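Shown next: run_11.txt, containing compact mmCIF, C-alpha atoms.
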```txt
# COMPACT_ATOMS: atom_id res chain seq x y z
CA MET J 213 0.00 0.00 0.00
CA ILE J 214 2.74 2.43 0.94
CA GLU J 215 4.63 1.56 -2.22
CA GLU J 216 1.50 2.13 -4.29
CA ARG J 217 1.08 5.47 -2.61
CA ILE J 218 4.67 6.35 -3.50
CA LYS J 219 3.99 5.46 -7.14
CA GLN J 220 0.75 7.47 -7.15
CA LEU J 221 2.74 10.48 -5.99
CA GLY J 222 4.98 9.99 -9.01
CA TYR J 223 8.03 8.69 -7.20
CA VAL J 224 10.12 5.54 -7.46
CA ILE J 225 12.02 3.85 -4.67
CA PRO J 226 15.61 3.64 -5.96
CA GLU J 227 17.69 0.50 -5.84
CA THR J 228 19.18 0.25 -2.38
CA PRO J 229 22.42 2.22 -2.61
CA ALA J 230 25.57 0.42 -1.53
CA PRO J 231 27.26 2.07 1.43
CA LEU J 232 30.19 4.24 0.37
CA ALA J 233 32.33 2.49 2.92
CA ALA J 234 32.64 0.00 5.74
CA TYR J 235 29.21 0.18 7.27
CA ILE J 236 25.70 -1.16 6.73
CA PRO J 237 22.81 0.87 5.32
CA CYS J 238 20.19 0.09 7.95
CA ILE J 239 20.00 -1.56 11.36
CA ARG J 240 17.14 -2.65 13.58
CA GLU J 241 17.16 -2.45 17.34
CA GLY J 242 13.91 -3.42 19.01
CA ASN J 243 11.15 -1.70 17.05
CA LEU J 244 13.37 1.08 15.81
CA VAL J 245 15.29 1.15 12.55
CA PHE J 246 18.17 3.53 12.02
CA THR J 247 19.41 4.34 8.53
CA ALA J 248 22.90 5.38 7.54
CA GLY J 249 23.15 8.86 6.08
CA GLN J 250 21.72 8.76 2.56
CA LEU J 251 22.80 10.82 -0.43
CA PRO J 252 20.79 11.65 -3.58
CA ILE J 253 22.08 8.62 -5.43
CA VAL J 254 20.22 6.61 -8.09
CA ASP J 255 21.71 3.50 -9.68
CA GLY J 256 25.03 4.22 -8.06
CA LYS J 257 25.25 7.75 -9.45
CA LEU J 258 25.02 10.97 -7.52
CA GLN J 259 22.15 12.89 -9.16
CA TYR J 260 23.00 16.32 -7.80
CA SER J 261 26.34 17.82 -6.87
CA GLY J 262 27.41 21.06 -5.23
CA LYS J 263 26.34 23.48 -2.53
CA VAL J 264 22.79 24.66 -2.04
CA GLY J 265 22.76 28.41 -2.50
CA ALA J 266 25.51 28.20 -5.13
CA GLU J 267 25.49 25.47 -7.81
CA ILE J 268 22.20 24.08 -6.47
CA SER J 269 19.06 26.20 -6.05
CA THR J 270 16.73 25.83 -3.11
CA GLU J 271 14.17 24.13 -5.35
CA THR J 272 16.73 21.68 -6.73
CA GLY J 273 17.91 21.08 -3.19
CA MET J 274 14.37 20.08 -2.29
CA LYS J 275 14.39 17.53 -5.13
CA ALA J 276 17.71 16.19 -3.85
CA ALA J 277 16.21 15.93 -0.37
CA GLU J 278 13.34 13.89 -1.80
CA LEU J 279 15.84 11.48 -3.31
CA CYS J 280 17.75 11.14 -0.04
CA LEU J 281 14.45 10.35 1.64
CA LEU J 282 13.52 7.74 -0.95
CA ASN J 283 16.90 6.13 -0.34
CA CYS J 284 16.18 6.08 3.39
CA LEU J 285 12.98 4.19 2.56
CA SER J 286 14.90 1.95 0.17
CA VAL J 287 17.41 0.85 2.80
CA ILE J 288 14.63 0.30 5.33
CA LYS J 289 12.79 -1.80 2.75
CA SER J 290 15.95 -3.86 2.22
CA LEU J 291 15.80 -4.71 5.92
CA ILE J 292 12.09 -5.17 6.62
CA ASP J 293 10.91 -6.21 3.13
CA ASN J 294 7.66 -4.24 3.12
CA LEU J 295 7.29 -0.54 3.82
CA ASP J 296 3.81 -1.23 5.17
CA ASN J 297 5.63 -2.51 8.22
CA ILE J 298 6.68 1.04 9.07
CA GLU J 299 4.51 2.10 11.98
CA LYS J 300 5.67 5.70 12.12
CA ILE J 301 8.55 7.97 11.26
CA ILE J 302 10.40 9.29 14.31
CA LYS J 303 13.18 11.60 13.19
CA LEU J 304 15.11 13.02 10.27
CA THR J 305 18.48 14.69 10.49
CA VAL J 306 19.10 16.76 7.38
CA PHE J 307 22.60 17.98 6.59
CA VAL J 308 22.58 20.63 3.86
CA ASN J 309 25.86 21.36 2.05
CA SER J 310 25.42 25.11 2.23
CA ALA J 311 26.98 27.99 0.36
CA ASP J 312 28.09 30.93 2.48
CA TYR J 313 25.11 32.93 3.74
CA PHE J 314 22.59 30.26 2.70
CA THR J 315 20.19 29.90 5.62
CA ALA J 316 17.09 28.27 4.09
CA GLN J 317 17.99 24.77 5.28
CA PRO J 318 14.43 24.26 6.61
CA LYS J 319 12.94 24.90 3.17
CA VAL J 320 15.35 22.46 1.54
CA ALA J 321 14.64 19.84 4.18
CA ASN J 322 10.92 20.26 3.52
CA GLY J 323 11.49 18.37 0.29
CA ALA J 324 11.94 15.31 2.47
CA SER J 325 9.51 16.17 5.26
CA GLU J 326 6.58 16.99 3.01
CA LEU J 327 7.09 13.87 0.94
CA LEU J 328 7.08 11.79 4.12
CA VAL J 329 3.76 13.23 5.18
CA ASN J 330 2.37 12.79 1.66
CA ILE J 331 3.36 9.14 1.75
CA PHE J 332 2.52 8.16 5.31
CA GLY J 333 -0.06 10.74 6.42
CA GLU J 334 -0.18 11.19 10.21
CA ALA J 335 2.34 8.38 10.66
CA GLY J 336 4.81 10.40 8.61
CA LYS J 337 4.96 13.32 11.04
CA HIS J 338 8.43 13.44 12.54
CA VAL J 339 10.86 15.61 14.43
CA ARG J 340 13.72 17.05 12.49
CA SER J 341 16.97 18.92 12.71
CA ALA J 342 18.24 20.72 9.63
CA VAL J 343 21.72 22.21 9.68
CA GLY J 344 24.11 23.69 7.16
CA VAL J 345 27.43 21.92 6.79
CA SER J 346 30.52 22.96 4.88
CA GLU J 347 31.18 19.74 2.96
CA LEU J 348 29.46 16.42 2.28
CA PRO J 349 30.65 13.11 0.82
CA LEU J 350 31.14 13.24 -2.98
CA ASN J 351 30.14 16.92 -2.83
CA ALA J 352 26.49 15.87 -2.45
CA PRO J 353 24.15 18.78 -1.68
CA ILE J 354 22.20 16.86 1.00
CA GLU J 355 22.64 13.94 3.38
CA ILE J 356 19.69 12.60 5.39
CA GLU J 357 19.46 9.96 8.11
CA MET J 358 16.20 8.60 9.49
CA ILE J 359 14.87 6.82 12.56
CA ALA J 360 11.55 4.99 12.10
CA LYS J 361 9.43 2.66 14.19
CA VAL J 362 8.47 -0.64 12.62
CA LYS J 363 5.73 -3.11 13.50
CA MET X 49 8.40 21.69 40.79
CA ILE X 50 10.72 21.75 37.80
CA GLU X 51 8.96 24.81 36.46
CA GLU X 52 9.31 26.53 39.83
CA ARG X 53 12.98 25.67 39.80
CA ILE X 54 13.31 27.23 36.34
CA LYS X 55 11.65 30.41 37.63
CA GLN X 56 13.88 30.48 40.71
CA LEU X 57 16.88 30.35 38.42
CA GLY X 58 15.50 33.44 36.68
CA TYR X 59 14.39 31.80 33.46
CA VAL X 60 11.09 31.55 31.63
CA ILE X 61 9.93 28.71 29.42
CA PRO X 62 9.10 30.39 26.10
CA GLU X 63 5.90 29.79 24.20
CA THR X 64 6.32 26.59 22.22
CA PRO X 65 7.87 27.73 18.95
CA ALA X 66 6.09 26.68 15.78
CA PRO X 67 8.23 24.46 13.59
CA LEU X 68 9.81 26.41 10.74
CA ALA X 69 8.51 23.82 8.33
CA ALA X 70 6.71 20.54 7.74
CA TYR X 71 7.57 18.65 10.87
CA ILE X 72 6.48 18.38 14.49
CA PRO X 73 8.37 19.84 17.44
CA CYS X 74 8.48 16.76 19.67
CA ILE X 75 7.70 13.06 19.43
CA ARG X 76 7.43 10.29 21.99
CA GLU X 77 8.49 6.73 21.39
CA GLY X 78 8.24 4.45 24.39
CA ASN X 79 9.69 6.38 27.30
CA LEU X 80 11.90 8.54 25.14
CA VAL X 81 11.02 11.94 23.74
CA PHE X 82 12.94 13.42 20.83
CA THR X 83 12.80 17.14 20.09
CA ALA X 84 13.25 18.80 16.74
CA GLY X 85 16.26 21.10 16.52
CA GLN X 86 15.46 24.26 18.48
CA LEU X 87 16.67 27.79 17.75
CA PRO X 88 16.94 30.74 20.17
CA ILE X 89 13.44 31.95 19.35
CA VAL X 90 11.05 33.76 21.72
CA ASP X 91 7.53 34.73 20.65
CA GLY X 92 8.30 33.80 17.09
CA LYS X 93 11.37 36.02 16.89
CA LEU X 94 14.95 34.92 16.65
CA GLN X 95 16.71 36.58 19.61
CA TYR X 96 20.27 36.23 18.34
CA SER X 97 21.61 36.15 14.82
CA GLY X 98 25.03 35.51 13.33
CA LYS X 99 28.10 33.37 13.83
CA VAL X 100 29.68 32.72 17.20
CA GLY X 101 33.22 34.07 17.07
CA ALA X 102 32.15 36.89 14.76
CA GLU X 103 28.88 38.81 15.37
CA ILE X 104 28.15 36.74 18.48
CA SER X 105 30.59 36.44 21.40
CA THR X 106 31.14 33.19 23.27
CA GLU X 107 29.21 34.61 26.22
CA THR X 108 26.27 35.67 24.06
CA GLY X 109 26.41 32.28 22.39
CA MET X 110 25.98 30.70 25.82
CA LYS X 111 22.85 32.80 26.38
CA ALA X 112 21.55 31.70 22.98
CA ALA X 113 22.24 28.08 23.93
CA GLU X 114 20.21 28.57 27.10
CA LEU X 115 17.29 29.77 25.00
CA CYS X 116 17.54 26.80 22.65
CA LEU X 117 17.49 24.55 25.69
CA LEU X 118 14.44 26.28 27.16
CA ASN X 119 12.72 25.76 23.82
CA CYS X 120 13.59 22.05 23.96
CA LEU X 121 11.87 21.97 27.35
CA SER X 122 8.97 23.99 25.95
CA VAL X 123 8.29 21.52 23.14
CA ILE X 124 8.60 18.58 25.53
CA LYS X 125 6.14 20.30 27.86
CA SER X 126 3.74 20.72 24.95
CA LEU X 127 3.78 16.95 24.57
CA ILE X 128 3.85 15.67 28.17
CA ASP X 129 2.12 18.63 29.90
CA ASN X 130 4.32 18.68 32.98
CA LEU X 131 8.11 18.85 33.04
CA ASP X 132 8.05 16.93 36.32
CA ASN X 133 7.37 13.93 34.12
CA ILE X 134 10.91 14.11 32.76
CA GLU X 135 12.82 11.29 34.41
CA LYS X 136 16.21 12.19 33.03
CA ILE X 137 17.94 13.95 30.19
CA ILE X 138 19.77 11.60 27.82
CA LYS X 139 21.49 13.61 25.12
CA LEU X 140 22.01 17.01 23.58
CA THR X 141 23.35 17.66 20.11
CA VAL X 142 24.58 21.24 19.86
CA PHE X 143 25.26 22.77 16.46
CA VAL X 144 27.18 26.03 16.74
CA ASN X 145 27.17 28.38 13.74
CA SER X 146 30.88 29.07 13.93
CA ALA X 147 33.09 31.78 12.49
CA ASP X 148 36.34 30.61 10.90
CA TYR X 149 38.83 29.51 13.55
CA PHE X 150 36.23 29.49 16.34
CA THR X 151 36.78 26.29 18.30
CA ALA X 152 35.16 26.94 21.68
CA GLN X 153 31.97 25.06 20.82
CA PRO X 154 32.10 23.19 24.17
CA LYS X 155 32.05 26.45 26.11
CA VAL X 156 29.10 27.74 24.12
CA ALA X 157 27.24 24.46 24.57
CA ASN X 158 27.84 24.70 28.33
CA GLY X 159 25.21 27.41 28.36
CA ALA X 160 22.70 24.63 27.75
CA SER X 161 24.42 21.85 29.68
CA GLU X 162 24.95 23.82 32.87
CA LEU X 163 21.41 25.12 32.86
CA LEU X 164 20.13 21.54 32.50
CA VAL X 165 22.09 20.44 35.54
CA ASN X 166 20.97 23.52 37.47
CA ILE X 167 17.36 22.68 36.68
CA PHE X 168 17.33 18.90 37.02
CA GLY X 169 20.32 18.13 39.25
CA GLU X 170 21.63 14.58 38.79
CA ALA X 171 18.79 13.80 36.38
CA GLY X 172 20.03 16.59 34.13
CA LYS X 173 23.42 15.00 33.46
CA HIS X 174 23.56 14.05 29.80
CA VAL X 175 25.88 13.08 26.98
CA ARG X 176 26.55 15.69 24.38
CA SER X 177 28.11 16.36 21.03
CA ALA X 178 29.01 19.93 20.12
CA VAL X 179 30.14 20.71 16.60
CA GLY X 180 30.77 23.82 14.56
CA VAL X 181 28.66 24.19 11.43
CA SER X 182 28.95 26.69 8.63
CA GLU X 183 25.32 27.84 8.44
CA LEU X 184 22.12 27.46 10.44
CA PRO X 185 18.46 28.20 9.68
CA LEU X 186 17.64 31.93 9.77
CA ASN X 187 21.34 32.55 10.52
CA ALA X 188 20.74 31.45 14.10
CA PRO X 189 23.95 31.11 16.15
CA ILE X 190 22.89 27.81 17.77
CA GLU X 191 20.59 24.87 17.16
CA ILE X 192 20.03 22.21 19.84
CA GLU X 193 18.15 18.92 19.79
CA MET X 194 17.44 16.83 22.88
CA ILE X 195 16.56 13.27 23.83
CA ALA X 196 14.99 12.80 27.26
CA LYS X 197 13.41 9.95 29.18
CA VAL X 198 9.94 10.53 30.56
CA LYS X 199 8.00 8.73 33.27
CA MET P 94 38.14 -11.07 25.09
CA ILE P 95 37.28 -7.88 23.23
CA GLU P 96 40.08 -6.08 25.02
CA GLU P 97 42.50 -8.84 24.06
CA ARG P 98 41.33 -8.54 20.49
CA ILE P 99 42.01 -4.79 20.60
CA LYS P 100 45.53 -5.48 21.87
CA GLN P 101 46.11 -8.12 19.19
CA LEU P 102 45.18 -5.53 16.59
CA GLY P 103 47.89 -3.31 18.04
CA TYR P 104 45.65 -0.77 19.72
CA VAL P 105 45.30 0.50 23.26
CA ILE P 106 42.14 1.77 24.90
CA PRO P 107 43.06 5.25 26.12
CA GLU P 108 42.33 6.51 29.60
CA THR P 109 38.73 7.69 29.67
CA PRO P 110 38.93 11.31 28.56
CA ALA P 111 37.35 13.85 30.86
CA PRO P 112 34.48 15.72 29.21
CA LEU P 113 35.56 19.14 27.99
CA ALA P 114 32.60 20.64 29.77
CA ALA P 115 29.46 20.17 31.82
CA TYR P 116 28.29 16.81 30.60
CA ILE P 117 28.97 13.12 31.14
CA PRO P 118 30.89 10.90 28.73
CA CYS P 119 28.42 8.02 28.46
CA ILE P 120 24.86 7.24 29.49
CA ARG P 121 22.80 4.08 29.54
CA GLU P 122 19.10 3.93 28.78
CA GLY P 123 17.63 0.45 28.69
CA ASN P 124 20.02 -1.69 26.71
CA LEU P 125 21.43 1.22 24.74
CA VAL P 126 24.48 3.27 25.62
CA PHE P 127 25.05 6.68 24.09
CA THR P 128 28.50 8.28 24.13
CA ALA P 129 29.27 11.96 24.09
CA GLY P 130 31.16 13.14 21.03
CA GLN P 131 34.75 11.93 21.33
CA LEU P 132 37.89 13.66 20.06
CA PRO P 133 41.30 12.09 19.27
CA ILE P 134 42.60 12.71 22.77
CA VAL P 135 45.11 10.56 24.68
CA ASP P 136 46.12 11.33 28.26
CA GLY P 137 44.32 14.63 28.08
CA LYS P 138 46.16 15.79 24.97
CA LEU P 139 44.71 16.23 21.52
CA GLN P 140 46.85 14.03 19.26
CA TYR P 141 45.88 15.62 15.94
CA SER P 142 44.85 19.17 15.15
CA GLY P 143 43.56 20.89 12.03
CA LYS P 144 41.33 20.32 9.06
CA VAL P 145 41.34 17.13 7.02
CA GLY P 146 42.29 18.05 3.49
CA ALA P 147 44.60 20.81 4.72
CA GLU P 148 46.89 20.26 7.75
CA ILE P 149 45.67 16.67 8.12
CA SER P 150 45.85 14.13 5.28
CA THR P 151 43.11 11.61 4.64
CA GLU P 152 45.34 8.84 6.03
CA THR P 153 46.13 10.80 9.18
CA GLY P 154 42.43 11.59 9.50
CA MET P 155 41.74 7.85 9.50
CA LYS P 156 44.20 7.42 12.38
CA ALA P 157 42.46 10.24 14.24
CA ALA P 158 39.11 8.52 13.61
CA GLU P 159 40.52 5.33 15.12
CA LEU P 160 41.46 7.25 18.24
CA CYS P 161 38.00 8.82 18.52
CA LEU P 162 36.55 5.34 18.24
CA LEU P 163 38.85 3.95 20.93
CA ASN P 164 37.73 6.79 23.17
CA CYS P 165 34.09 5.87 22.48
CA LEU P 166 34.96 2.36 23.69
CA SER P 167 36.85 3.81 26.65
CA VAL P 168 33.88 5.81 27.88
CA ILE P 169 31.56 2.84 27.38
CA LYS P 170 33.98 0.70 29.37
CA SER P 171 33.95 3.28 32.16
CA LEU P 172 30.19 2.73 32.38
CA ILE P 173 29.78 -1.02 31.86
CA ASP P 174 33.21 -2.21 33.12
CA ASN P 175 33.77 -4.86 30.47
CA LEU P 176 33.62 -4.36 26.72
CA ASP P 177 32.52 -7.99 26.37
CA ASN P 178 29.15 -6.69 27.55
CA ILE P 179 28.70 -4.87 24.25
CA GLU P 180 26.16 -6.88 22.28
CA LYS P 181 26.41 -4.90 19.09
CA ILE P 182 27.29 -1.51 17.71
CA ILE P 183 24.29 0.43 16.40
CA LYS P 184 25.45 3.74 14.99
CA LEU P 185 28.35 6.13 14.52
CA THR P 186 28.03 9.79 13.68
CA VAL P 187 31.32 11.08 12.31
CA PHE P 188 31.94 14.80 12.06
CA VAL P 189 34.99 15.59 9.94
CA ASN P 190 36.57 19.05 10.28
CA SER P 191 36.93 19.53 6.54
CA ALA P 192 39.02 21.86 4.43
CA ASP P 193 37.22 23.53 1.53
CA TYR P 194 36.53 21.06 -1.26
CA PHE P 195 37.42 18.03 0.86
CA THR P 196 34.72 15.44 0.21
CA ALA P 197 36.30 12.13 1.27
CA GLN P 198 34.58 12.08 4.67
CA PRO P 199 33.54 8.42 4.12
CA LYS P 200 37.15 7.33 3.69
CA VAL P 201 38.20 9.17 6.83
CA ALA P 202 35.30 7.69 8.79
CA ASN P 203 36.36 4.23 7.63
CA GLY P 204 39.25 4.52 10.06
CA ALA P 205 36.65 4.08 12.78
CA SER P 206 34.23 1.78 10.95
CA GLU P 207 36.84 -0.74 9.83
CA LEU P 208 38.41 -0.88 13.26
CA LEU P 209 35.01 -1.58 14.78
CA VAL P 210 34.45 -4.51 12.45
CA ASN P 211 37.99 -5.76 13.09
CA ILE P 212 37.32 -5.70 16.80
CA PHE P 213 33.75 -6.95 17.01
CA GLY P 214 33.24 -8.86 13.76
CA GLU P 215 29.58 -9.12 12.73
CA ALA P 216 28.52 -7.39 15.95
CA GLY P 217 30.56 -4.38 14.90
CA LYS P 218 28.56 -3.66 11.76
CA HIS P 219 26.78 -0.38 12.23
CA VAL P 220 24.99 2.41 10.42
CA ARG P 221 26.83 5.64 10.00
CA SER P 222 26.55 9.24 8.93
CA ALA P 223 29.71 11.09 7.96
CA VAL P 224 29.53 14.82 7.34
CA GLY P 225 32.00 17.63 6.85
CA VAL P 226 31.82 20.43 9.38
CA SER P 227 33.56 23.78 9.40
CA GLU P 228 34.96 23.76 12.93
CA LEU P 229 35.35 21.32 15.82
CA PRO P 230 36.23 21.75 19.50
CA LEU P 231 39.97 22.47 20.07
CA ASN P 232 40.39 22.39 16.27
CA ALA P 233 40.21 18.58 16.37
CA PRO P 234 40.05 16.97 12.93
CA ILE P 235 37.34 14.47 13.92
CA GLU P 236 34.57 14.03 16.45
CA ILE P 237 32.67 10.74 16.74
CA GLU P 238 29.66 9.72 18.80
CA MET P 239 28.42 6.15 19.15
CA ILE P 240 25.27 4.25 20.08
CA ALA P 241 25.78 0.63 21.13
CA LYS P 242 23.60 -2.11 22.55
CA VAL P 243 24.79 -3.76 25.74
CA LYS P 244 23.86 -7.04 27.37
```

Mind turning the file's structure into structure tokens?
Amino acid sequence: MIEERIKQLGYVIPETPAPLAAYIPCIREGNLVFTAGQLPIVDGKLQYSGKVGAEISTETGMKAAELCLLNCLSVIKSLIDNLDNIEKIIKLTVFVNSADYFTAQPKVANGASELLVNIFGEAGKHVRSAVGVSELPLNAPIEIEMIAKVK
Amino acid sequence: MIEERIKQLGYVIPETPAPLAAYIPCIREGNLVFTAGQLPIVDGKLQYSGKVGAEISTETGMKAAELCLLNCLSVIKSLIDNLDNIEKIIKLTVFVNSADYFTAQPKVANGASELLVNIFGEAGKHVRSAVGVSELPLNAPIEIEMIAKVK
Amino acid sequence: MIEERIKQLGYVIPETPAPLAAYIPCIREGNLVFTAGQLPIVDGKLQYSGKVGAEISTETGMKAAELCLLNCLSVIKSLIDNLDNIEKIIKLTVFVNSADYFTAQPKVANGASELLVNIFGEAGKHVRSAVGVSELPLNAPIEIEMIAKVK
């Protein structure tokens, strides 16, 4: 059902991205799942590169945030098989690779937050921190990690 | 009792700040509550703006950190009604909007950590990460998120 | 056994570093332990200083990440006495003090991640976020915080 909803919204869950290094993409502890930080990668390729507020506009940053979010869902799916087993979303941490003087991190992060609520409804409402960082892996514009509760 | 203690210390819990975007300010999962990242906002207005080590001194940064912390308590109160229901504080993550070469993030974060211990005593002792970031929402000098255990 | 393994690998668990400020180094909640952010400190002295990609090479950054990780284990040991009581590692958050244009945070963070897997085997496999930040306490090149599950 959740995957149908994602399709109806016009999105696709990407292939689960391989970790860039010596770690695993998702772990379960009790009823919580924690994802590794996800980049806007599809089929092994970074889809957006550069700093938001410079090479990347706020609007493009929001699209990149959507992709990070879909990758969070992808790695959770790789662990629990069916996204319908997500009971609720707990938390996002959104790191925005920010140009000097760019302070609209919340707007960029909304790309992910609004998509979550569109997908999951009430169960998608989460707490969030959004901060501007000076560099991200591969020069990605956004990195997002998620904590969710599963059934 | 906790709120009286806060008053005795000369502080006021601000109105619960509205999230800057599409997320909720606080969520409970089991006996843990997670706050969204909080800025030094009172009555909808950012009280301090700029980078610590440049426009904002270390001492002023500590005051801003206190305000972020009070907003963490405010959003928790909005969820659990009474701060006496906090059993203990688990963790703070303190993001300091830092000027180049400013490395006293721990001192700035002490504004929040020391106030927590003054308010809650032993139950206020927490783990903490403090890092310097290049930009924060609205050009706030500090953003703090908290995990606490509730009764 | 875990401590023997650490020795066999040629490493030493440092003395538990004192927090730089008003917080505690490690806290337990249920079966989870959360560490404060750890710097590459041994015997009270920062062993590496500066930004990765400038004063600090990627390889040296990996060594600094190993030290941060050993300090995470040190503070957990100070709380639970015996590292054999770690059931599994859940999560690392790795903050890399990054020079402009340095984007190999994952490689640097591997210093910690690979050591964890070398020490704990399967139980050491964890999720991870690695981000580049503009400043860290004391001008440390790396700060790492850990969540682990204990028996």

Legend entry - Proximal residues of chain J relative to chain P (all atoms listed in the file; 12 Å) as a PyMOL selection string: chain J and resi 231-242+244-251+261-263+284+287-288+305-312+343-359

For a quick check of your reading of the model, name the residues lying within 6 Å of the coordinate (21.8, 35.1, 20.5), counting only C-alpha atoms, and write them as a PDB file with C-alpha atoms, in the coordinates of the input.
```pdb
ATOM      1  CA  GLN X  95      16.710  36.580  19.610  1.00  0.00           C
ATOM      2  CA  TYR X  96      20.270  36.230  18.340  1.00  0.00           C
ATOM      3  CA  SER X  97      21.610  36.150  14.820  1.00  0.00           C
ATOM      4  CA  THR X 108      26.270  35.670  24.060  1.00  0.00           C
ATOM      5  CA  GLY X 109      26.410  32.280  22.390  1.00  0.00           C
ATOM      6  CA  ALA X 112      21.550  31.700  22.980  1.00  0.00           C
TER       7      ALA X 112
END
```

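Pairwise distance (atom CA of Leu118 of chain X, atom CA of Ala171 of chain X) equals 16.1 Å.
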
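Interatomic distance, atom CA of Lys244 of chain P to atom CA of Leu285 of chain J: 29.3 Å.
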
Inset, instruction - Show which residues sit within 12 Å of Gln220 of chain J, as JSON, numbers by chain. Count all atoms listed in the file, and ignore same-chain residues fewer than 5 positions away. - result: {"J": [213, 214, 215, 330, 331]}

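Shortest atom-to-atom contact with Leu281 of chain J among J:Asn294, J:Val264, J:Gly256, J:Ile225: J:Ile225, counting only C-alpha atoms.
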
Inset, instruction - Would you work out the distance separating atom CA of Asn119 of chain X from atom CA of Pro88 of chain X, expressed in Å to one decimal? - result: 7.5 Å

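Closest approach to Phe168 of chain X among X:Lys125, X:Val198, X:Cys116, X:Asp132: X:Asp132, based on all atoms listed in the file.
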